[in-house]
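Visitor: Following this line is model-v5.txt, made up of compact mmCIF, C-alpha atoms and all ligand atoms:
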```
# COMPACT_ATOMS: atom_id res chain seq x y z
CA MET A 1 0.00 0.00 0.00
CA LEU A 2 2.78 2.43 0.87
CA PRO A 3 5.21 3.89 -1.67
CA LYS A 4 8.80 2.64 -1.81
CA ILE A 5 10.97 5.13 0.02
CA ARG A 6 14.69 5.60 0.75
CA GLY A 7 14.17 6.34 4.43
CA GLU A 8 12.64 3.94 6.94
CA TYR A 9 9.20 2.69 7.90
CA VAL A 10 8.47 1.25 11.33
CA PHE A 11 5.19 -0.63 11.28
CA ASN A 12 2.97 -1.03 14.36
CA CYS A 13 5.25 1.30 16.28
CA LYS A 14 4.75 1.39 20.05
CA MET A 15 4.73 5.13 20.63
CA GLU A 16 5.61 4.77 24.33
CA SER A 17 9.13 3.97 23.13
CA VAL A 18 9.29 7.08 20.93
CA SER A 19 7.42 9.61 23.06
CA PHE A 20 9.24 11.85 25.52
CA ILE A 21 6.95 10.96 28.43
CA GLY A 22 6.96 7.24 27.69
CA THR A 23 3.24 6.79 27.02
CA GLY A 24 1.02 6.19 24.00
CA GLY A 25 -0.40 3.27 22.03
CA VAL A 26 0.50 1.79 18.68
CA CYS A 27 0.80 3.89 15.52
CA ASP A 28 0.15 2.04 12.24
CA VAL A 29 3.37 3.29 10.71
CA VAL A 30 6.13 5.76 11.53
CA PHE A 31 8.02 7.14 8.52
CA TYR A 32 11.56 8.57 8.81
CA PRO A 33 12.20 10.29 5.45
CA LYS A 34 15.76 10.24 4.08
CA ASP A 35 15.50 13.79 2.73
CA GLU A 36 13.05 16.34 1.36
CA GLU A 37 12.64 14.53 -1.98
CA ASP A 38 11.87 11.27 -0.20
CA LEU A 39 9.17 13.05 1.81
CA VAL A 40 7.71 14.65 -1.34
CA HIS A 41 7.64 11.24 -3.04
CA PHE A 42 5.89 9.68 -0.03
CA LEU A 43 3.26 12.42 0.19
CA GLN A 44 2.52 12.34 -3.54
CA ASN A 45 2.16 8.56 -3.62
CA LYS A 46 0.69 7.53 -0.28
CA PRO A 47 -2.94 6.36 -0.24
CA PRO A 48 -4.99 9.61 -0.23
CA ASP A 49 -7.08 8.46 2.73
CA LEU A 50 -4.06 7.64 4.94
CA PRO A 51 -3.85 10.32 7.67
CA ALA A 52 -0.30 11.65 8.02
CA LEU A 53 1.03 13.87 10.78
CA CYS A 54 4.53 15.25 11.35
CA LEU A 55 5.99 15.25 14.87
CA GLY A 56 9.42 16.26 16.17
CA ASN A 57 10.93 14.93 19.39
CA LEU A 58 7.47 14.53 21.00
CA SER A 59 8.62 16.67 23.92
CA ASN A 60 5.33 18.55 23.84
CA THR A 61 2.96 15.82 22.68
CA ILE A 62 0.77 13.17 24.27
CA ILE A 63 -0.28 10.28 22.05
CA SER A 64 -3.50 8.53 23.00
CA ASP A 65 -3.27 5.05 24.56
CA GLY A 66 -5.39 3.99 21.57
CA GLY A 67 -2.48 5.04 19.33
CA PHE A 68 -2.78 6.67 15.92
CA ARG A 69 -4.46 5.16 12.85
CA GLY A 70 -2.25 6.48 10.09
CA CYS A 71 1.35 7.56 9.54
CA ILE A 72 3.46 9.67 11.87
CA ILE A 73 6.32 11.36 10.01
CA ILE A 74 9.44 12.04 12.08
CA LEU A 75 12.40 13.98 10.65
CA THR A 76 14.95 13.50 13.45
CA ARG A 77 16.70 10.44 12.04
CA PHE A 78 17.93 11.83 8.72
CA MET A 79 16.80 15.41 8.18
CA ASN A 80 19.02 17.22 10.65
CA ASP A 81 21.70 19.14 8.70
CA ILE A 82 22.71 22.57 9.94
CA GLU A 83 24.55 25.22 7.89
CA PHE A 84 25.88 28.70 8.66
CA ASN A 85 27.24 31.90 7.35
CA GLU A 86 27.99 35.23 9.08
CA ASN A 87 24.35 36.36 9.15
CA TYR A 88 22.16 33.32 9.24
CA VAL A 89 21.74 29.74 10.38
CA ARG A 90 19.76 27.32 8.27
CA SER A 91 18.70 24.06 9.90
CA GLU A 92 16.69 21.11 8.73
CA ALA A 93 13.58 20.65 10.84
CA GLY A 94 14.68 17.34 12.38
CA ALA A 95 17.77 18.87 14.06
CA MET A 96 17.52 19.30 17.82
CA LEU A 97 17.43 22.89 19.10
CA ASN A 98 20.31 22.10 21.45
CA SER A 99 22.48 20.85 18.55
CA VAL A 100 21.81 24.05 16.62
CA ILE A 101 22.71 26.12 19.69
CA ALA A 102 25.92 24.10 20.28
CA LYS A 103 26.98 24.51 16.63
CA CYS A 104 26.21 28.22 16.70
CA ILE A 105 28.40 28.64 19.77
CA GLU A 106 31.24 26.67 18.15
CA ASN A 107 30.97 29.10 15.23
CA GLU A 108 30.81 32.20 17.46
CA LEU A 109 27.22 32.95 16.47
CA SER A 110 24.37 34.21 18.59
CA CYS A 111 20.97 32.97 17.42
CA CYS A 112 18.56 31.08 19.68
CA GLU A 113 20.82 30.27 22.65
CA ARG A 114 18.19 31.52 25.07
CA LEU A 115 16.22 28.36 24.26
CA PHE A 116 19.06 26.18 25.62
CA LEU A 117 17.88 22.89 27.17
CA ILE A 118 14.46 22.90 25.49
CA PRO A 119 14.40 19.29 24.23
CA GLY A 120 12.58 19.92 20.95
CA THR A 121 13.48 19.89 17.27
CA ILE A 122 13.69 22.94 15.06
CA GLY A 123 10.40 21.92 13.39
CA GLY A 124 8.68 21.52 16.76
CA ALA A 125 10.15 24.78 18.07
CA VAL A 126 8.85 26.75 15.07
CA ALA A 127 5.46 24.98 15.08
CA MET A 128 5.08 25.77 18.80
CA ASN A 129 6.88 29.14 18.70
CA ALA A 130 9.01 27.84 21.57
CA GLY A 131 10.14 30.50 23.95
CA VAL A 132 11.16 31.75 27.36
CA PRO A 133 9.83 34.90 29.06
CA ASP A 134 12.05 37.31 27.10
CA PHE A 135 12.55 35.48 23.80
CA GLU A 136 10.66 33.37 21.26
CA ILE A 137 12.01 31.56 18.24
CA SER A 138 9.89 33.85 16.05
CA ASP A 139 12.22 36.73 17.13
CA VAL A 140 15.02 35.32 14.95
CA LEU A 141 13.06 33.40 12.29
CA ILE A 142 13.59 34.57 8.71
CA GLU A 143 11.71 31.92 6.76
CA ILE A 144 10.65 28.29 6.66
CA SER A 145 10.66 25.75 3.86
CA CYS A 146 7.72 23.43 3.92
CA ILE A 147 5.80 20.78 2.04
CA SER A 148 2.02 20.54 1.75
CA HIS A 149 0.32 17.23 2.43
CA LYS A 150 -0.03 16.84 -1.32
CA GLY A 151 3.75 17.01 -1.69
CA GLN A 152 4.09 20.58 -2.95
CA LYS A 153 7.23 22.44 -1.82
CA PHE A 154 7.26 26.16 -0.98
CA SER A 155 8.60 28.66 1.53
CA LEU A 156 7.00 31.16 3.86
CA LYS A 157 8.64 34.32 5.17
CA ARG A 158 8.29 35.17 8.87
CA SER A 159 6.04 38.10 7.91
CA GLU A 160 3.64 35.66 6.23
CA ILE A 161 3.11 33.63 9.41
CA ASP A 162 1.04 34.92 12.32
CA MET A 163 3.23 33.51 15.11
CA GLN A 164 1.83 33.96 18.61
CA TYR A 165 2.53 32.94 22.20
CA ARG A 166 3.34 29.19 22.08
CA SER A 167 1.79 28.78 18.66
CA GLY A 168 3.57 29.09 15.34
CA ASN A 169 0.14 29.17 13.65
CA ILE A 170 1.62 27.14 10.84
CA PRO A 171 -1.16 26.43 8.33
CA GLU A 172 -2.71 23.03 8.99
CA ASN A 173 -1.13 20.04 7.29
CA LEU A 174 2.13 21.78 6.40
CA ILE A 175 5.35 19.97 7.18
CA ILE A 176 8.26 22.27 7.98
CA THR A 177 11.41 20.82 6.41
CA SER A 178 13.87 23.56 7.33
CA ALA A 179 14.07 26.99 8.90
CA THR A 180 16.44 29.94 8.47
CA PHE A 181 17.28 32.20 11.40
CA GLU A 182 19.10 35.51 11.86
CA ALA A 183 22.48 35.15 13.54
CA SER A 184 25.15 37.61 14.63
CA ARG A 185 28.77 37.35 15.73
CA ARG A 186 29.32 36.95 19.44
CA ALA A 187 32.34 35.75 21.37
CA VAL A 188 32.27 32.20 22.75
CA PRO A 189 32.77 33.19 26.44
CA ALA A 190 29.76 35.54 26.30
CA LEU A 191 27.61 32.82 24.72
CA ASN A 192 28.82 30.23 27.22
CA SER A 193 27.97 32.47 30.12
CA ILE A 194 24.40 32.85 28.78
CA ILE A 195 23.87 29.10 28.53
CA ASP A 196 25.54 28.45 31.91
CA GLU A 197 23.13 30.87 33.51
CA ILE A 198 20.16 29.22 31.78
CA ALA A 199 21.33 25.75 32.79
CA LYS A 200 21.61 26.81 36.45
CA LYS A 201 18.13 28.28 36.39
CA ARG A 202 16.54 25.27 34.67
CA ILE A 203 18.29 22.71 36.87
CA SER A 204 17.00 24.42 40.00
CA SER A 205 13.43 24.91 38.76
CA GLN A 206 12.56 22.07 36.33
CA PRO A 207 12.57 18.27 36.49
CA LEU A 208 15.26 17.89 33.82
CA GLY A 209 16.09 14.29 33.00
CA GLN A 210 12.61 13.13 34.00
CA ARG A 211 9.82 12.10 31.67
CA THR A 212 7.85 15.33 31.36
CA LEU A 213 6.46 17.60 28.65
CA GLY A 214 7.51 20.97 29.98
CA SER A 215 4.73 23.45 30.67
CA THR A 216 1.39 21.68 30.43
CA PHE A 217 -0.70 24.85 30.28
CA LYS A 218 -0.18 28.26 28.69
CA ASN A 219 0.14 31.18 31.10
CA PRO A 220 -3.24 32.99 31.01
CA PRO A 221 -2.76 36.75 30.38
CA GLY A 222 -1.52 38.38 33.59
CA HIS A 223 -1.12 35.05 35.44
CA LYS A 224 1.38 32.24 35.88
CA ALA A 225 -0.14 28.81 35.32
CA TRP A 226 2.11 27.22 37.98
CA GLN A 227 0.92 29.71 40.58
CA LEU A 228 -2.78 29.13 39.77
CA ILE A 229 -2.18 25.36 40.00
CA ARG A 230 -0.52 25.72 43.42
CA GLU A 231 -3.17 28.08 44.73
CA ALA A 232 -5.83 25.57 43.67
CA GLY A 233 -4.17 23.00 45.95
CA CYS A 234 -2.93 20.80 43.11
CA SER A 235 0.78 20.64 44.09
CA ASN A 236 0.62 17.04 45.25
CA LEU A 237 -1.95 15.67 42.82
CA LYS A 238 -1.21 12.31 41.27
CA ILE A 239 -3.29 9.99 39.11
CA GLY A 240 -1.83 6.56 38.50
CA GLN A 241 1.84 7.30 37.83
CA ALA A 242 1.25 10.80 36.43
CA SER A 243 1.97 13.49 38.97
CA VAL A 244 2.34 17.21 39.40
CA CYS A 245 6.03 18.01 39.77
CA ASN A 246 7.21 19.37 43.17
CA LEU A 247 9.76 21.63 41.52
CA HIS A 248 7.39 23.25 39.00
CA ALA A 249 3.63 22.80 39.32
CA ASN A 250 2.99 23.37 35.59
CA PHE A 251 5.17 20.33 34.75
CA LEU A 252 3.63 16.85 35.02
CA THR A 253 5.91 13.83 35.24
CA ASN A 254 5.68 10.12 34.54
CA THR A 255 6.90 8.64 37.81
CA GLY A 256 6.63 5.00 36.74
CA ASP A 257 4.51 3.33 34.12
CA ALA A 258 1.93 6.08 33.63
CA THR A 259 -0.49 5.86 30.73
CA SER A 260 -1.64 8.76 28.57
CA GLU A 261 -5.04 8.34 30.21
CA ASP A 262 -3.41 9.03 33.63
CA PHE A 263 -2.06 12.32 32.23
CA ILE A 264 -5.37 13.25 30.61
CA ARG A 265 -7.31 12.61 33.82
CA LEU A 266 -4.78 14.63 35.81
CA ILE A 267 -5.02 17.50 33.31
CA ARG A 268 -8.83 17.49 33.51
CA LEU A 269 -8.71 17.49 37.32
CA ILE A 270 -6.22 20.40 37.46
CA LYS A 271 -8.35 22.44 35.03
CA LYS A 272 -11.45 21.82 37.14
CA LYS A 273 -9.75 22.73 40.43
CA VAL A 274 -8.10 25.86 39.00
CA PHE A 275 -11.42 27.00 37.53
CA GLU A 276 -13.24 26.42 40.82
CA LYS A 277 -10.59 28.37 42.75
CA SER A 278 -9.84 31.26 40.38
CA GLY A 279 -12.52 31.30 37.68
CA ILE A 280 -9.72 30.94 35.13
CA TYR A 281 -9.93 28.24 32.50
CA LEU A 282 -6.44 26.91 31.74
CA GLU A 283 -5.62 26.17 28.12
CA GLU A 284 -3.21 23.36 27.30
CA GLU A 285 0.15 24.19 25.71
CA ILE A 286 0.78 20.52 24.99
CA ILE A 287 -0.55 18.83 21.87
CA PHE A 288 -2.77 15.73 21.82
CA VAL A 289 -2.62 13.13 19.10
CA GLY A 290 -5.19 10.40 18.55
CA GLU A 291 -8.56 10.18 20.22
CA ILE A 292 -8.33 12.16 23.45
CA GLU A 293 -11.05 14.06 25.30
CA THR A 294 -9.63 16.72 27.62
CA LYS A 295 -12.81 18.63 28.55
C1 LIG A 301 12.04 19.62 30.26
C2 LIG A 301 11.27 20.43 29.24
C3 LIG A 301 11.42 21.81 29.19
C4 LIG A 301 10.72 22.56 28.25
N1 LIG A 301 10.87 23.92 28.25
C5 LIG A 301 10.22 24.66 27.33
C6 LIG A 301 10.37 26.09 27.30
O1 LIG A 301 11.09 26.69 28.09
N2 LIG A 301 9.72 26.78 26.34
C7 LIG A 301 8.93 26.17 25.41
O2 LIG A 301 8.37 26.86 24.54
N3 LIG A 301 8.75 24.83 25.42
C8 LIG A 301 9.37 24.06 26.35
N4 LIG A 301 9.19 22.71 26.37
C9 LIG A 301 8.22 22.08 25.46
C10 LIG A 301 8.80 21.53 24.14
O3 LIG A 301 10.11 21.05 24.31
C11 LIG A 301 8.76 22.59 23.04
O4 LIG A 301 7.43 22.97 22.74
C12 LIG A 301 9.41 22.08 21.74
O5 LIG A 301 9.52 23.15 20.84
C13 LIG A 301 8.62 20.94 21.07
O6 LIG A 301 9.42 20.41 20.04
P1 LIG A 301 9.25 18.88 19.57
O7 LIG A 301 10.16 18.68 18.43
O8 LIG A 301 9.42 17.97 20.71
O9 LIG A 301 7.74 18.92 19.07
P2 LIG A 301 6.64 17.78 19.18
O10 LIG A 301 6.20 17.64 20.59
O11 LIG A 301 7.07 16.56 18.50
O12 LIG A 301 5.47 18.46 18.32
C14 LIG A 301 4.85 19.64 18.79
C15 LIG A 301 3.97 20.21 17.67
O13 LIG A 301 4.82 20.64 16.60
C16 LIG A 301 4.40 20.06 15.37
N5 LIG A 301 5.60 19.78 14.58
C17 LIG A 301 6.75 19.19 14.99
N6 LIG A 301 7.63 19.13 13.97
C18 LIG A 301 7.01 19.67 12.90
C19 LIG A 301 7.39 19.88 11.53
N7 LIG A 301 8.60 19.53 11.07
N8 LIG A 301 6.49 20.45 10.69
C20 LIG A 301 5.25 20.81 11.15
N9 LIG A 301 4.84 20.65 12.41
C21 LIG A 301 5.71 20.08 13.29
C22 LIG A 301 3.68 18.77 15.77
O14 LIG A 301 2.74 18.36 14.78
C23 LIG A 301 3.01 19.19 17.07
O15 LIG A 301 1.80 19.86 16.77
C24 LIG A 301 9.87 21.93 27.33
C25 LIG A 301 9.73 20.52 27.36
C26 LIG A 301 10.42 19.79 28.30
C27 LIG A 301 10.25 18.29 28.30
```
Produce structure tokens that represent the structure in this file.
Guide:
Amino acid sequence: MLPKIRGEYVFNCKMESVSFIGTGGVCDVVFYPKDEEDLVHFLQNKPPDLPALCLGNLSNTIISDGGFRGCIIILTRFMNDIEFNENYVRSEAGAMLNSVIAKCIENELSCCERLFLIPGTIGGAVAMNAGVPDFEISDVLIEISCISHKGQKFSLKRSEIDMQYRSGNIPENLIITSATFEASRRAVPALNSIIDEIAKKRISSQPLGQRTLGSTFKNPPGHKAWQLIREAGCSNLKIGQASVCNLHANFLTNTGDATSEDFIRLIRLIKKKVFEKSGIYLEEEIIFVGEIETK
């Protein structure tokens, strides 16, 4: 049924082994394209009724325990080249943000170092408009190259995309294949001191190294989600093996063999308690894939 490709297919893939939080059911097929042309060929020749969805490092995504009926496209395995000149960095979408930052520093370039230790890909970072309080990836984005689900290649300039807080607003069904960012010369010691500072801050305030998805909810205007969660008495909530993190209440962690359903139930409970306490309805930052009901 599926076209012959140069990359790799993994059939009946257990997504708990691919996902960052270690949960999720079986996906019919995961496709790792070899390069852009391989992806175009796949999209032009796949069965038209086969749903296809592109994910990055799944560091912001929960896959349903029922899995995904269709194809998940992942670019991390082969599409991760990074190139530079004095004024820009161009990275394929499957490269990890941290690899791009490390290569920029090696080349004395300042670009997106303030996103150090965010465990996403370039594609995921642009799609989510990844950011920290004083910086978002959209601040340095010049343009993206993408492919439509029908296999048509084109590019979009930053000014053509309405990027917002934690949402790249990338038109539905587009796969980002690479992104180009502004860069400027900066000495290595100055760059290293920025990332050292960030590392110290993250180590003391986030459960790094644990199975988590980062911030579960967006900060509502004028509020901090973690504070609303604490004030609603949710600091010690746990459902199954999914629990609210002691270090950062907006992070949920898999403390054992949690299921996606554990996380979903915990998310629903937090939303209910926060609403009852503050009248504020929290909106998820994380993405759900497959059949999941979060209301
Ligand atoms: C410990 C920890 C700390 C974190 N800290 C932060 C933080 O400070 N700031 C922040 O913003 N986030 C943070 N995150 C969340 C997450 O890492 C980011 O949102 C990251 O950008 C997601 O990238 P990903 O590749 O894992 O995307 P995924 O989770 O795989 O996908 C996220 C979304 O992007 C889409 N997508 C991915 N790749 C592509 C592509 N090539 N083309 C089109 N769409 C695509 C997917 O369809 C999905 O909708 C943190 C997560 C963890 C675990």
Visitor: Compare A:Cys27, A:Ile195, A:Cys112, A:Ile21 by their minimum atom-to-atom distance to Val140 (chain A), counting all atoms listed in the file, and give me the closest one.
Guide: A:Cys112
Visitor: 6 Å from ligand LIG 301 (chain A) is the threshold here; counting all atoms listed in the file, which polymer residues fall inside it? Answer as a PyMOL selection string.
Guide: chain A and resi 54-61+93+118-121+123-125+127-128+130-132+174-177+208+212-214+287
Visitor: One number please: CA of Arg6 (chain A) to CA of Met79 (chain A), in Å, one decimal.
Guide: 12.5 Å
Visitor: Taking all atoms listed in the file into account, name the residue in A:Asn219, A:Ser91, A:Ser205, A:Asn250 that is nearest to Pro133 (chain A).
Guide: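 Counting all atoms listed in the file, the residue closest to Pro133 (chain A) is A:Asn219.
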Visitor: Between CA of Met96 (chain A) and CA of Ile142 (chain A), what is the spacing in Å?
Guide: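 If I compute the distance from CA of Ile142 (chain A) to CA of Met96 (chain A), I get 18.2 Å.
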Visitor: Please report as CSV every residue of region 174-240 of chain A lying within 9 Å of region 257-262 of chain A, along with the nearest atom pair and their distance in Å (one decimal), using all atoms listed in the file.
Guide:
```
residue,atom,partner,partner_atom,distance
A:Lys238,CA,A:Asp262,CA,8.6
A:Ile239,CA,A:Asp262,CA,5.6
A:Gly240,CA,A:Asp262,CA,5.7
```
Visitor: Hey, what's within 10 Å of Tyr88 (chain A) if we count all atoms listed in the file and toss same-chain stuff fewer than 6 positions away? As a count of residues only, please?
Guide: 12
Visitor: Got a sec: who's within 8 Å of Ala52 (chain A), counting all atoms listed in the file, leaving out chain neighbours fewer than 5 positions off, as a list in words?
Guide: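 Here the qualifying residues turn out to be Gly70, Cys71, Ile72, Ile73 and His149 of chain A.
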Visitor: Using all atoms listed in the file, which residues sit within 10 Å of region 37-39 of chain A once same-chain residues fewer than 4 positions away are excluded, as a PyMOL selection string?
Guide: chain A and resi 4-7+31-33+43-45+73+75+147+149+151+153+175+177
Visitor: Find, counting all atoms listed in the file, the residue in A:Leu228, A:Val29, A:Ile286, A:Val274 that gets nearest to Arg166 (chain A).
Guide: A:Ile286
Visitor: Quick one: everything within 12 Å of Arg114 (chain A), counting only C-alpha atoms, minus sequence neighbours fewer than 3 positions away in the same chain. Send it as a PDB file with C-alpha atoms, keeping the file's coordinate frame.
Guide:
```
ATOM      1  CA  LEU A  97      17.430  22.890  19.100  1.00  0.00           C
ATOM      2  CA  ASN A  98      20.310  22.100  21.450  1.00  0.00           C
ATOM      3  CA  VAL A 100      21.810  24.050  16.620  1.00  0.00           C
ATOM      4  CA  ILE A 101      22.710  26.120  19.690  1.00  0.00           C
ATOM      5  CA  ALA A 102      25.920  24.100  20.280  1.00  0.00           C
ATOM      6  CA  ILE A 105      28.400  28.640  19.770  1.00  0.00           C
ATOM      7  CA  SER A 110      24.370  34.210  18.590  1.00  0.00           C
ATOM      8  CA  CYS A 111      20.970  32.970  17.420  1.00  0.00           C
ATOM      9  CA  LEU A 117      17.880  22.890  27.170  1.00  0.00           C
ATOM     10  CA  ILE A 118      14.460  22.900  25.490  1.00  0.00           C
ATOM     11  CA  ALA A 130       9.010  27.840  21.570  1.00  0.00           C
ATOM     12  CA  GLY A 131      10.140  30.500  23.950  1.00  0.00           C
ATOM     13  CA  VAL A 132      11.160  31.750  27.360  1.00  0.00           C
ATOM     14  CA  PRO A 133       9.830  34.900  29.060  1.00  0.00           C
ATOM     15  CA  ASP A 134      12.050  37.310  27.100  1.00  0.00           C
ATOM     16  CA  PHE A 135      12.550  35.480  23.800  1.00  0.00           C
ATOM     17  CA  GLU A 136      10.660  33.370  21.260  1.00  0.00           C
ATOM     18  CA  ILE A 137      12.010  31.560  18.240  1.00  0.00           C
ATOM     19  CA  ASP A 139      12.220  36.730  17.130  1.00  0.00           C
ATOM     20  CA  VAL A 140      15.020  35.320  14.950  1.00  0.00           C
ATOM     21  CA  LEU A 191      27.610  32.820  24.720  1.00  0.00           C
ATOM     22  CA  ASN A 192      28.820  30.230  27.220  1.00  0.00           C
ATOM     23  CA  SER A 193      27.970  32.470  30.120  1.00  0.00           C
ATOM     24  CA  ILE A 194      24.400  32.850  28.780  1.00  0.00           C
ATOM     25  CA  ILE A 195      23.870  29.100  28.530  1.00  0.00           C
ATOM     26  CA  ASP A 196      25.540  28.450  31.910  1.00  0.00           C
ATOM     27  CA  GLU A 197      23.130  30.870  33.510  1.00  0.00           C
ATOM     28  CA  ILE A 198      20.160  29.220  31.780  1.00  0.00           C
ATOM     29  CA  ALA A 199      21.330  25.750  32.790  1.00  0.00           C
ATOM     30  CA  LYS A 201      18.130  28.280  36.390  1.00  0.00           C
ATOM     31  CA  ARG A 202      16.540  25.270  34.670  1.00  0.00           C
TER      32      ARG A 202
END
```
Visitor: Work out how far apart CA of Asn254 (chain A) and CA of Lys218 (chain A) are and give it in Å to one decimal.
Guide: 19.9 Å
